[in-house]
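input.pdb (PDB, C-alpha atoms) appears below.
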MODEL        1
ATOM      1  CA  MET M   1      -5.496  11.007  21.956
ATOM      2  CA  GLU M   2      -6.337   7.921  19.908
ATOM      3  CA  GLN M   3      -3.363   5.689  19.194
ATOM      4  CA  ILE M   4      -2.260   6.038  15.565
ATOM      5  CA  ARG M   5      -2.017   2.645  13.925
ATOM      6  CA  PRO M   6       0.944   1.924  11.616
ATOM      7  CA  LEU M   7       0.361   2.500   7.911
ATOM      8  CA  GLU M   8      -0.713  -0.802   6.412
ATOM      9  CA  TYR M   9       0.793  -0.811   2.947
ATOM     10  CA  THR M  10       2.223  -3.818   1.129
ATOM     11  CA  ILE M  11       4.829  -3.475  -1.606
ATOM     12  CA  LYS M  12       6.031  -6.499  -3.549
ATOM     13  CA  ILE M  13       9.214  -6.222  -5.576
ATOM     14  CA  TYR M  14       9.854  -8.775  -8.296
ATOM     15  CA  GLY M  15      13.536  -8.923  -9.215
ATOM     16  CA  GLU M  16      15.454 -10.925 -11.790
ATOM     17  CA  GLY M  17      18.420 -12.236  -9.835
ATOM     18  CA  PHE M  18      20.711 -12.202  -6.802
ATOM     19  CA  THR M  19      21.798  -8.608  -7.253
ATOM     20  CA  GLU M  20      18.329  -7.070  -7.362
ATOM     21  CA  TRP M  21      17.094  -9.253  -4.510
ATOM     22  CA  PHE M  22      19.978  -8.516  -2.155
ATOM     23  CA  TYR M  23      20.097  -4.806  -2.987
ATOM     24  CA  PHE M  24      16.442  -4.179  -2.202
ATOM     25  CA  ASP M  25      16.502  -6.510   0.784
ATOM     26  CA  GLY M  26      19.532  -4.625   2.115
ATOM     27  CA  LEU M  27      17.830  -1.309   1.411
ATOM     28  CA  ARG M  28      14.796  -2.486   3.368
ATOM     29  CA  THR M  29      16.713  -3.660   6.419
ATOM     30  CA  ASN M  30      19.201  -0.783   6.555
ATOM     31  CA  ASN M  31      16.734   2.061   5.925
ATOM     32  CA  ARG M  32      13.545   0.842   7.600
ATOM     33  CA  PHE M  33      11.641   0.693   4.334
ATOM     34  CA  ARG M  34       8.798  -1.824   4.610
ATOM     35  CA  PHE M  35       8.170  -4.133   1.679
ATOM     36  CA  SER M  36       8.545  -7.790   0.754
ATOM     37  CA  MET M  37      10.759  -9.355  -1.878
ATOM     38  CA  VAL M  38       9.123 -11.752  -4.341
ATOM     39  CA  PRO M  39      10.108 -14.377  -5.164
ATOM     40  CA  GLU M  40      12.466 -15.496  -2.400
ATOM     41  CA  VAL M  41      16.205 -15.600  -3.061
ATOM     42  CA  PRO M  42      16.449 -16.933  -6.640
ATOM     43  CA  LYS M  43      17.736 -20.490  -6.968
ATOM     44  CA  ASN M  44      19.431 -19.492 -10.194
ATOM     45  CA  SER M  45      21.448 -16.353 -10.779
ATOM     46  CA  ARG M  46      18.730 -14.886 -12.987
ATOM     47  CA  SER M  47      15.101 -15.311 -13.961
ATOM     48  CA  SER M  48      13.303 -13.782 -16.916
ATOM     49  CA  TYR M  49      10.814 -10.945 -16.687
ATOM     50  CA  LYS M  50       8.254 -13.311 -18.216
ATOM     51  CA  GLN M  51       8.596 -15.640 -15.224
ATOM     52  CA  ASN M  52       8.039 -12.715 -12.872
ATOM     53  CA  LEU M  53       5.000 -11.569 -14.839
ATOM     54  CA  LYS M  54       3.418 -14.959 -14.178
ATOM     55  CA  LEU M  55       3.803 -14.280 -10.457
ATOM     56  CA  ILE M  56       2.431 -10.772 -10.927
ATOM     57  CA  ASP M  57      -0.570 -12.220 -12.797
ATOM     58  CA  LYS M  58      -1.355 -14.357  -9.746
ATOM     59  CA  GLU M  59      -1.212 -11.280  -7.538
ATOM     60  CA  LEU M  60      -3.431  -9.228  -9.860
ATOM     61  CA  LYS M  61      -6.068 -11.978  -9.855
ATOM     62  CA  LYS M  62      -6.468 -11.755  -6.073
ATOM     63  CA  LYS M  63      -9.348  -9.868  -4.502
ATOM     64  CA  PRO M  64      -8.488  -6.157  -4.045
ATOM     65  CA  GLN M  65      -8.375  -6.485  -0.248
ATOM     66  CA  GLU M  66      -5.911  -9.403  -0.521
ATOM     67  CA  ARG M  67      -3.665  -7.913  -3.198
ATOM     68  CA  ALA M  68      -0.439  -6.017  -2.535
ATOM     69  CA  ASP M  69      -0.860  -2.246  -2.697
ATOM     70  CA  ALA M  70       2.074  -1.795  -5.078
ATOM     71  CA  LEU M  71       3.870  -4.110  -7.494
ATOM     72  CA  PHE M  72       7.374  -3.357  -8.818
ATOM     73  CA  LEU M  73       9.125  -5.243 -11.598
ATOM     74  CA  VAL M  74      12.880  -4.572 -11.516
ATOM     75  CA  ILE M  75      14.522  -5.494 -14.790
ATOM     76  CA  ASP M  76      17.854  -5.226 -16.619
ATOM     77  CA  THR M  77      17.286  -4.562 -20.313
ATOM     78  CA  ASP M  78      20.705  -5.576 -21.664
ATOM     79  CA  THR M  79      19.434  -8.934 -22.916
ATOM     80  CA  LEU M  80      16.351  -7.359 -24.506
ATOM     81  CA  VAL M  81      17.514  -4.389 -26.537
ATOM     82  CA  ASN M  82      19.768  -6.396 -28.840
ATOM     83  CA  ASN M  83      16.783  -8.305 -30.227
ATOM     84  CA  LYS M  84      14.398  -5.868 -31.876
ATOM     85  CA  GLU M  85      11.473  -8.301 -32.033
ATOM     86  CA  GLN M  86      11.929  -9.362 -28.424
ATOM     87  CA  TYR M  87      12.311  -5.767 -27.247
ATOM     88  CA  ASN M  88       9.165  -4.603 -29.069
ATOM     89  CA  LEU M  89       7.247  -7.459 -27.439
ATOM     90  CA  TYR M  90       8.575  -6.358 -24.056
ATOM     91  CA  LEU M  91       7.521  -2.737 -24.658
ATOM     92  CA  ALA M  92       3.998  -3.800 -25.595
ATOM     93  CA  THR M  93       3.814  -6.049 -22.524
ATOM     94  CA  LYS M  94       5.097  -3.235 -20.341
ATOM     95  CA  GLU M  95       2.339  -0.867 -21.479
ATOM     96  CA  LYS M  96      -0.286  -3.525 -20.763
ATOM     97  CA  TYR M  97       0.889  -4.068 -17.184
ATOM     98  CA  LYS M  98       1.474  -0.383 -16.474
ATOM     99  CA  LYS M  99      -2.250   0.155 -17.100
ATOM    100  CA  GLN M 100      -2.843  -2.339 -14.280
ATOM    101  CA  GLY M 101      -0.627  -0.342 -11.930
ATOM    102  CA  VAL M 102       2.606  -2.339 -12.160
ATOM    103  CA  ILE M 103       5.656  -0.087 -11.811
ATOM    104  CA  PHE M 104       8.537  -1.040 -14.120
ATOM    105  CA  ILE M 105      12.025  -0.140 -12.920
ATOM    106  CA  GLU M 106      14.601  -0.604 -15.648
ATOM    107  CA  SER M 107      18.373  -0.339 -15.823
ATOM    108  CA  HIS M 108      20.452  -0.570 -18.963
ATOM    109  CA  PRO M 109      22.611  -2.468 -19.126
ATOM    110  CA  CYS M 110      22.081  -3.559 -15.501
ATOM    111  CA  ILE M 111      21.546  -2.473 -11.885
ATOM    112  CA  GLU M 112      25.313  -2.148 -11.397
ATOM    113  CA  LEU M 113      25.062   1.150 -13.280
ATOM    114  CA  TRP M 114      23.039   2.431 -10.300
ATOM    115  CA  PHE M 115      25.858   1.352  -7.962
ATOM    116  CA  LEU M 116      28.371   3.184 -10.157
ATOM    117  CA  TYR M 117      26.323   6.388  -9.899
ATOM    118  CA  HIS M 118      26.830   6.387  -6.110
ATOM    119  CA  LEU M 119      30.607   6.612  -6.401
ATOM    120  CA  ALA M 120      31.368   8.192  -9.777
ATOM    121  CA  ASP M 121      33.320  11.476  -9.703
ATOM    122  CA  ARG M 122      30.918  13.053 -12.173
ATOM    123  CA  PHE M 123      27.958  12.198 -14.374
ATOM    124  CA  ALA M 124      28.849  11.023 -17.865
ATOM    125  CA  ARG M 125      26.834   9.564 -20.691
ATOM    126  CA  THR M 126      27.993   5.995 -21.070
ATOM    127  CA  ASN M 127      27.490   3.313 -23.680
ATOM    128  CA  TYR M 128      28.031  -0.022 -21.944
ATOM    129  CA  GLU M 129      26.243  -2.771 -23.825
ATOM    130  CA  THR M 130      26.495  -5.532 -21.224
ATOM    131  CA  TYR M 131      27.378  -6.120 -17.568
ATOM    132  CA  GLU M 132      30.755  -7.482 -18.627
ATOM    133  CA  ALA M 133      31.499  -4.217 -20.436
ATOM    134  CA  LEU M 134      30.447  -2.213 -17.362
ATOM    135  CA  ARG M 135      32.192  -4.420 -14.826
ATOM    136  CA  PRO M 136      35.691  -2.820 -14.940
ATOM    137  CA  ALA M 137      34.187   0.606 -14.142
ATOM    138  CA  VAL M 138      32.217  -0.890 -11.238
ATOM    139  CA  GLU M 139      35.272  -2.679  -9.855
ATOM    140  CA  LYS M 140      37.211   0.603  -9.795
ATOM    141  CA  VAL M 141      34.775   2.101  -7.305
ATOM    142  CA  LEU M 142      33.724  -1.152  -5.588
ATOM    143  CA  PRO M 143      36.973  -3.110  -5.157
ATOM    144  CA  GLY M 144      36.419  -6.846  -5.114
ATOM    145  CA  TYR M 145      32.848  -6.543  -6.364
ATOM    146  CA  ASP M 146      31.309  -9.966  -6.736
ATOM    147  CA  LYS M 147      27.769 -10.985  -7.687
ATOM    148  CA  THR M 148      27.369 -13.386  -4.754
ATOM    149  CA  ALA M 149      25.207 -13.560  -1.649
ATOM    150  CA  ARG M 150      28.316 -13.442   0.545
ATOM    151  CA  TYR M 151      29.465 -10.151  -1.013
ATOM    152  CA  TYR M 152      26.094  -8.396  -0.686
ATOM    153  CA  GLN M 153      25.624  -9.610   2.891
ATOM    154  CA  LYS M 154      29.166  -9.277   4.256
ATOM    155  CA  ASN M 155      31.005  -6.534   2.354
ATOM    156  CA  GLN M 156      31.208  -3.512   4.650
ATOM    157  CA  PHE M 157      32.205  -1.044   1.912
ATOM    158  CA  PHE M 158      29.164  -1.971  -0.183
ATOM    159  CA  ARG M 159      26.857  -1.717   2.829
ATOM    160  CA  GLU M 160      28.157   1.680   3.951
ATOM    161  CA  ASN M 161      28.395   3.322   0.528
ATOM    162  CA  ILE M 162      25.555   1.777  -1.465
ATOM    163  CA  LEU M 163      22.971   0.766   1.133
ATOM    164  CA  MET M 164      23.360   3.367   3.873
ATOM    165  CA  ASP M 165      25.009   6.587   2.681
ATOM    166  CA  THR M 166      22.171   9.021   1.941
ATOM    167  CA  THR M 167      24.526  11.612   0.413
ATOM    168  CA  LYS M 168      25.850   9.100  -2.103
ATOM    169  CA  ARG M 169      22.300   7.935  -2.756
ATOM    170  CA  ALA M 170      21.292  11.519  -3.494
ATOM    171  CA  GLN M 171      24.084  11.694  -6.071
ATOM    172  CA  ALA M 172      22.953   8.384  -7.589
ATOM    173  CA  ILE M 173      19.395   9.694  -7.831
ATOM    174  CA  ASP M 174      20.594  12.876  -9.539
ATOM    175  CA  TYR M 175      22.743  10.962 -12.031
ATOM    176  CA  ALA M 176      19.996   8.412 -12.706
ATOM    177  CA  ILE M 177      17.407  11.107 -13.417
ATOM    178  CA  ARG M 178      19.867  12.787 -15.782
ATOM    179  CA  SER M 179      20.508   9.472 -17.521
ATOM    180  CA  CYS M 180      16.777   8.963 -18.130
ATOM    181  CA  LYS M 181      16.436  12.421 -19.711
ATOM    182  CA  TYR M 182      19.056  11.695 -22.360
ATOM    183  CA  THR M 183      17.649  10.827 -25.790
ATOM    184  CA  PRO M 184      20.018   8.595 -27.763
ATOM    185  CA  VAL M 185      20.746   9.160 -31.407
ATOM    186  CA  ALA M 186      20.190   6.388 -33.953
ATOM    187  CA  ASN M 187      21.979   3.110 -33.132
ATOM    188  CA  GLU M 188      23.480   4.562 -29.954
ATOM    189  CA  ILE M 189      23.541   2.558 -26.724
ATOM    190  CA  ALA M 190      22.323   4.870 -23.982
ATOM    191  CA  ASN M 191      22.769   3.713 -20.398
ATOM    192  CA  TYR M 192      20.213   4.646 -17.754
ATOM    193  CA  SER M 193      18.757   3.476 -14.462
ATOM    194  CA  GLU M 194      15.304   3.975 -12.946
ATOM    195  CA  ILE M 195      16.057   2.634  -9.454
ATOM    196  CA  PHE M 196      15.361   6.136  -8.113
ATOM    197  CA  LYS M 197      11.657   5.494  -8.776
ATOM    198  CA  ALA M 198      11.571   2.967  -5.939
ATOM    199  CA  ILE M 199      13.435   5.304  -3.569
ATOM    200  CA  HIS M 200      10.994   8.136  -4.298
ATOM    201  CA  PHE M 201       8.036   5.804  -3.811
ATOM    202  CA  PHE M 202       9.300   4.713  -0.373
ATOM    203  CA  ARG M 203      10.000   8.288   0.676
ATOM    204  CA  LEU M 204       6.558   9.527  -0.330
ATOM    205  CA  LEU M 205       5.014   6.924   1.942
ATOM    206  CA  GLN M 206       7.394   7.860   4.756
ATOM    207  CA  LYS M 207       6.459  11.533   4.468
ATOM    208  CA  PHE M 208       2.738  10.669   4.577
ATOM    209  CA  VAL M 209       3.259   8.737   7.811
ATOM    210  CA  GLU M 210       5.252  11.646   9.286
ATOM    211  CA  ILE M 211       2.550  14.171   8.352
ATOM    212  CA  ARG M 212      -0.171  11.972   9.814
ATOM    213  CA  THR M 213       1.779  11.517  13.065
ATOM    214  CA  MET M 214       2.559  15.239  13.430
ATOM    215  CA  LEU M 215      -1.044  16.200  12.715
ATOM    216  CA  ALA M 216      -2.286  13.750  15.368
ATOM    217  CA  GLU M 217       0.099  15.232  17.918
ATOM    218  CA  HIS M 218      -0.999  18.741  16.975
ATOM    219  CA  LEU M 219      -4.771  18.163  16.965
ATOM    220  CA  ARG M 220      -4.801  15.629  19.799
ATOM    221  CA  ARG M 221      -7.874  13.932  18.409
ATOM    222  CA  PRO M 222      -8.629  11.025  16.032
ATOM    223  CA  ILE M 223      -6.996  11.354  12.627
ATOM    224  CA  TYR M 224      -8.700  10.392   9.368
ATOM    225  CA  LEU M 225      -5.970  10.910   6.793
ATOM    226  CA  SER M 226      -5.778   8.724   3.706
ATOM    227  CA  HIS M 227      -3.583   8.830   0.626
ATOM    228  CA  GLU M 228      -3.438   8.002  -3.063
ATOM    229  CA  ILE M 229      -0.068   7.532  -4.716
ATOM    230  CA  GLU M 230       0.548   7.892  -8.461
ATOM    231  CA  GLN M 231       3.456   5.785  -9.662
ATOM    232  CA  HIS M 232       6.578   7.180  -7.935
ATOM    233  CA  LYS M 233       5.969  10.870  -8.599
ATOM    234  CA  GLN M 234       3.245  12.155  -6.329
ATOM    235  CA  LEU M 235       1.041  11.371  -3.356
ATOM    236  CA  HIS M 236      -2.290  13.023  -2.515
ATOM    237  CA  VAL M 237      -3.158  13.501   1.163
ATOM    238  CA  TYR M 238      -6.886  13.417   2.001
ATOM    239  CA  TRP M 239      -8.956  14.069   5.103
ATOM    240  CA  GLU M 240     -11.857  11.616   5.334
ATOM    241  CA  GLU M 241     -14.761  11.950   7.744
ATOM    242  CA  LYS M 242     -18.150  10.301   7.356
ATOM    243  CA  ASP M 243     -18.934  10.550   3.618
ATOM    244  CA  ASN M 244     -16.689  13.546   3.045
ATOM    245  CA  LYS M 245     -13.267  13.289   1.412
ATOM    246  CA  GLN M 246     -11.228  16.459   1.009
ATOM    247  CA  LEU M 247      -7.819  16.898  -0.611
ATOM    248  CA  CYS M 248      -5.435  18.482   1.900
ATOM    249  CA  CYS M 249      -2.214  18.671  -0.103
ATOM    250  CA  THR M 250      -0.124  16.886  -2.695
ATOM    251  CA  LEU M 251       3.453  15.720  -2.292
ATOM    252  CA  LYS M 252       5.133  15.772  -5.676
ATOM    253  CA  TYR M 253       8.604  15.175  -7.039
ATOM    254  CA  LYS M 254      10.078  17.492  -9.635
ATOM    255  CA  GLU M 255      13.132  15.545 -10.694
ATOM    256  CA  ALA M 256      15.063  14.985  -7.425
ATOM    257  CA  LYS M 257      13.272  17.608  -5.314
ATOM    258  CA  LEU M 258      10.124  16.983  -3.288
ATOM    259  CA  PHE M 259       7.461  19.690  -2.853
ATOM    260  CA  CYS M 260       4.208  19.998  -0.949
ATOM    261  CA  PHE M 261       1.434  21.738  -2.922
ATOM    262  CA  PHE M 262      -1.781  23.240  -1.534
ATOM    263  CA  ALA M 263      -4.935  24.167  -3.452
ATOM    264  CA  ASP M 264      -4.410  27.897  -2.861
ATOM    265  CA  GLY M 265      -1.085  27.768  -4.718
ATOM    266  CA  THR M 266       1.164  27.655  -1.659
ATOM    267  CA  VAL M 267       4.202  25.439  -2.166
ATOM    268  CA  PHE M 268       6.781  24.170   0.322
ATOM    269  CA  GLU M 269      10.015  22.377  -0.558
ATOM    270  CA  MET M 270      10.606  19.290   1.572
ATOM    271  CA  ASN M 271      13.856  17.503   2.435
ATOM    272  CA  ASP M 272      13.033  13.917   1.568
ATOM    273  CA  ARG M 273      16.250  12.598   3.148
ATOM    274  CA  GLU M 274      15.539  13.911   6.632
ATOM    275  CA  PRO M 275      12.636  13.262   9.035
ATOM    276  CA  LEU M 276       9.899  15.848   8.874
ATOM    277  CA  THR M 277      10.582  16.899  12.451
ATOM    278  CA  HIS M 278       9.490  20.527  12.158
ATOM    279  CA  ALA M 279       6.866  21.549   9.628
ATOM    280  CA  PRO M 280       4.381  23.866  11.381
ATOM    281  CA  GLU M 281       3.401  25.626   8.164
ATOM    282  CA  ILE M 282       2.366  22.370   6.457
ATOM    283  CA  ILE M 283       0.505  21.066   9.503
ATOM    284  CA  SER M 284      -1.246  24.418  10.063
ATOM    285  CA  ARG M 285      -2.448  24.562   6.468
ATOM    286  CA  ILE M 286      -3.791  21.002   6.618
ATOM    287  CA  GLU M 287      -5.586  21.918   9.859
ATOM    288  CA  LEU M 288      -7.073  24.957   8.126
ATOM    289  CA  THR M 289      -8.391  22.729   5.331
ATOM    290  CA  ILE M 290      -9.950  20.351   7.875
ATOM    291  CA  ASN M 291     -11.609  23.183   9.810
ATOM    292  CA  GLN M 292     -13.239  24.464   6.632
ATOM    293  CA  LEU M 293     -15.100  21.199   6.075
TER     294      LEU M 293
ENDMDL
END
Re-express the file's structure as C-alpha cells.
Amino acid sequence: MEQIRPLEYTIKIYGEGFTEWFYFDGLRTNNRFRFSMVPEVPKNSRSSYKQNLKLIDKELKKKPQERADALFLVIDTDTLVNNKEQYNLYLATKEKYKKQGVIFIESHPCIELWFLYHLADRFARTNYETYEALRPAVEKVLPGYDKTARYYQKNQFFRENILMDTTKRAQAIDYAIRSCKYTPVANEIANYSEIFKAIHFFRLLQKFVEIRTMLAEHLRRPIYLSHEIEQHKQLHVYWEEKDNKQLCCTLKYKEAKLFCFFADGTVFEMNDREPLTHAPEIISRIELTINQL
C-alpha cells in the first residue's frame, strides 16, 4: 500500500495579545492541532485588529501556492462596541475580509468569557462591558488568574481545565453557541464568544485525515481524497482520479454536533471529541461511491 503523506494544511491565527497567543499556542501543543501563531508573542500586551489586518494583507497578496490555507483573526470587541462609528467601520471591514476567506473569531467582552464557559455551573446571559467587569467571575473559577506568560505556561489548573479537558471544552462550546444565538434588546450588552469556530475547524480537518487513513487501510491501494472546507461549519470530501472529481460525503456541524451526510440522504452522527477508530458504515459508503465512478 502506498504510504499516506501527512495532510499539508497551513493555518495562521492572528491574535491581539498575550492571552489569545498563549491560549491557541497551548491548544496546539496540548491537543496536536497543527497551525502557526502570527505574529510571534506580542511585545506589548495588546495590538489592534488594524495592525493584524496589515499582516493579513501581506498574506493575501502572496501567490496561492505560497499563502496559508486558512487565516483566523481572533478579536475582543469590548473596545469597539462603545464607539458606534468605530464599530460600524469594523463591521464593514469584517465583511470585506470575510469575502476573501478570513475567518473572524470574536469574543465580547474578551476571550476570558470563553474560559469562564469551561467552568461555569450553568449557562447564563451576562452583560459584562469590559474585562475588568468580567474579571471577578473569572477569578472565582480560575483562582489566581493572571494575564501573564508565566501563568499561561506554568499554571497547572489552567492547563488541565482549559487546555486539555475535552468534557469542559464541550461545555464551553455549548455555552458559546448558545451565547451567539441570543439577540440583545436595544442598548443591552450581550456577551458572546466564537472561539468554538476554531475548535470545529480543527476537528473537521482531523476527521478528514482519519477518514483518509481508514479508507487507505481498507482499500489497500493509493488514495486520492481531497477536501474543501467552508468556514468552520462543513467540509466536503472528494475522490479525485485523473480528471474526475466526485463528492463522497460532507461533514457538517449542526450547532455542537457533527454529522456525515451522503448524497442518497444517509446521515451518520460523529463524535468529534474521539478518534474515528471504528466507522465501517462511512468507509463502506465512500468505497461504494468510488466504485461507481
Which residue of M:Asp69, M:Glu139, M:Glu194, M:Asp272 approaches His108 of chain M most closely, using all atoms listed in the file =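 The closest residue to His108 of chain M is M:Glu194.
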Mind checking which residues fall within 10 Å of Thr126 of chain M, counting all atoms listed in the file, ignoring those fewer than 2 positions away in the same chain, and posting them as JSON, numbers by chain?
-> {"M": [113, 123, 124, 128, 129, 134, 179, 189, 190, 191, 192]}
Just write the chosen residues, C-alpha atoms, as a compact mmCIF listing (two decimals), keeping the file's coordinate frame.
# COMPACT_ATOMS: atom_id res chain seq x y z
CA LEU M 113 25.06 1.15 -13.28
CA PHE M 123 27.96 12.20 -14.37
CA ALA M 124 28.85 11.02 -17.86
CA TYR M 128 28.03 -0.02 -21.94
CA GLU M 129 26.24 -2.77 -23.82
CA LEU M 134 30.45 -2.21 -17.36
CA SER M 179 20.51 9.47 -17.52
CA ILE M 189 23.54 2.56 -26.72
CA ALA M 190 22.32 4.87 -23.98
CA ASN M 191 22.77 3.71 -20.40
CA TYR M 192 20.21 4.65 -17.75
When you draw a straight line from atom CA of Ile283 of chain M to atom CA of Gln231 of chain M, how long is it in Å?
-> 24.7 Å
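Nearest-residue note for Pro222 of chain M: choosing from M:Asp146, M:Glu241, M:Glu95, M:Glu59, the minimum distance belongs to M:Glu241, counting all atoms listed in the file.
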Expansion of the PyMOL selection byres ((chain M and resi 74-77) around 8) into residues, as a ChimeraX atom specification = /M:13-16,20,49,72-73,78-81,104-111
Return the single residue from M:Lys98, M:Arg135, M:Lys257, M:Lys207 that is closest to Glu112 of chain M, with distances computed using only C-alpha atoms.
->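 Of all the options, M:Arg135 lies closest to Glu112 of chain M.
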Mind filling out segment 262-277 of chain M with N, CA and C atoms and sending it as a PDB file, in the coordinates of the input?
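To be explicit, this is the file written out as part_26.pdb:
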ATOM      1  N   PHE M 262      -0.442  23.030  -2.068  1.00  0.00           N
ATOM      2  CA  PHE M 262      -1.781  23.240  -1.534  1.00  0.00           C
ATOM      3  C   PHE M 262      -2.662  23.864  -2.609  1.00  0.00           C
ATOM      4  N   ALA M 263      -3.985  23.723  -2.440  1.00  0.00           N
ATOM      5  CA  ALA M 263      -4.935  24.167  -3.452  1.00  0.00           C
ATOM      6  C   ALA M 263      -4.870  25.664  -3.703  1.00  0.00           C
ATOM      7  N   ASP M 264      -4.460  26.449  -2.690  1.00  0.00           N
ATOM      8  CA  ASP M 264      -4.410  27.897  -2.861  1.00  0.00           C
ATOM      9  C   ASP M 264      -3.147  28.373  -3.563  1.00  0.00           C
ATOM     10  N   GLY M 265      -2.308  27.416  -4.004  1.00  0.00           N
ATOM     11  CA  GLY M 265      -1.085  27.768  -4.718  1.00  0.00           C
ATOM     12  C   GLY M 265       0.160  27.822  -3.855  1.00  0.00           C
ATOM     13  N   THR M 266       0.010  27.658  -2.554  1.00  0.00           N
ATOM     14  CA  THR M 266       1.164  27.655  -1.659  1.00  0.00           C
ATOM     15  C   THR M 266       1.985  26.395  -1.872  1.00  0.00           C
ATOM     16  N   VAL M 267       3.298  26.565  -1.923  1.00  0.00           N
ATOM     17  CA  VAL M 267       4.202  25.439  -2.166  1.00  0.00           C
ATOM     18  C   VAL M 267       5.333  25.463  -1.136  1.00  0.00           C
ATOM     19  N   PHE M 268       5.652  24.311  -0.590  1.00  0.00           N
ATOM     20  CA  PHE M 268       6.781  24.170   0.322  1.00  0.00           C
ATOM     21  C   PHE M 268       7.730  23.114  -0.232  1.00  0.00           C
ATOM     22  N   GLU M 269       9.034  23.404  -0.206  1.00  0.00           N
ATOM     23  CA  GLU M 269      10.015  22.377  -0.558  1.00  0.00           C
ATOM     24  C   GLU M 269      10.301  21.534   0.674  1.00  0.00           C
ATOM     25  N   MET M 270      10.387  20.213   0.473  1.00  0.00           N
ATOM     26  CA  MET M 270      10.606  19.290   1.572  1.00  0.00           C
ATOM     27  C   MET M 270      11.933  18.561   1.384  1.00  0.00           C
ATOM     28  N   ASN M 271      12.635  18.308   2.470  1.00  0.00           N
ATOM     29  CA  ASN M 271      13.856  17.503   2.435  1.00  0.00           C
ATOM     30  C   ASN M 271      13.453  16.046   2.591  1.00  0.00           C
ATOM     31  N   ASP M 272      13.516  15.297   1.502  1.00  0.00           N
ATOM     32  CA  ASP M 272      13.033  13.917   1.568  1.00  0.00           C
ATOM     33  C   ASP M 272      14.035  12.968   2.211  1.00  0.00           C
ATOM     34  N   ARG M 273      15.240  13.453   2.515  1.00  0.00           N
ATOM     35  CA  ARG M 273      16.250  12.598   3.148  1.00  0.00           C
ATOM     36  C   ARG M 273      16.250  12.694   4.660  1.00  0.00           C
ATOM     37  N   GLU M 274      15.547  13.686   5.194  1.00  0.00           N
ATOM     38  CA  GLU M 274      15.539  13.911   6.632  1.00  0.00           C
ATOM     39  C   GLU M 274      14.119  13.772   7.176  1.00  0.00           C
ATOM     40  N   PRO M 275      13.976  13.341   8.427  1.00  0.00           N
ATOM     41  CA  PRO M 275      12.636  13.262   9.035  1.00  0.00           C
ATOM     42  C   PRO M 275      11.958  14.619   9.055  1.00  0.00           C
ATOM     43  N   LEU M 276      10.677  14.615   8.875  1.00  0.00           N
ATOM     44  CA  LEU M 276       9.899  15.848   8.874  1.00  0.00           C
ATOM     45  C   LEU M 276       9.625  16.240  10.325  1.00  0.00           C
ATOM     46  N   THR M 277      10.686  16.659  11.020  1.00  0.00           N
ATOM     47  CA  THR M 277      10.582  16.899  12.451  1.00  0.00           C
ATOM     48  C   THR M 277       9.956  18.246  12.784  1.00  0.00           C
TER      49      THR M 277
END
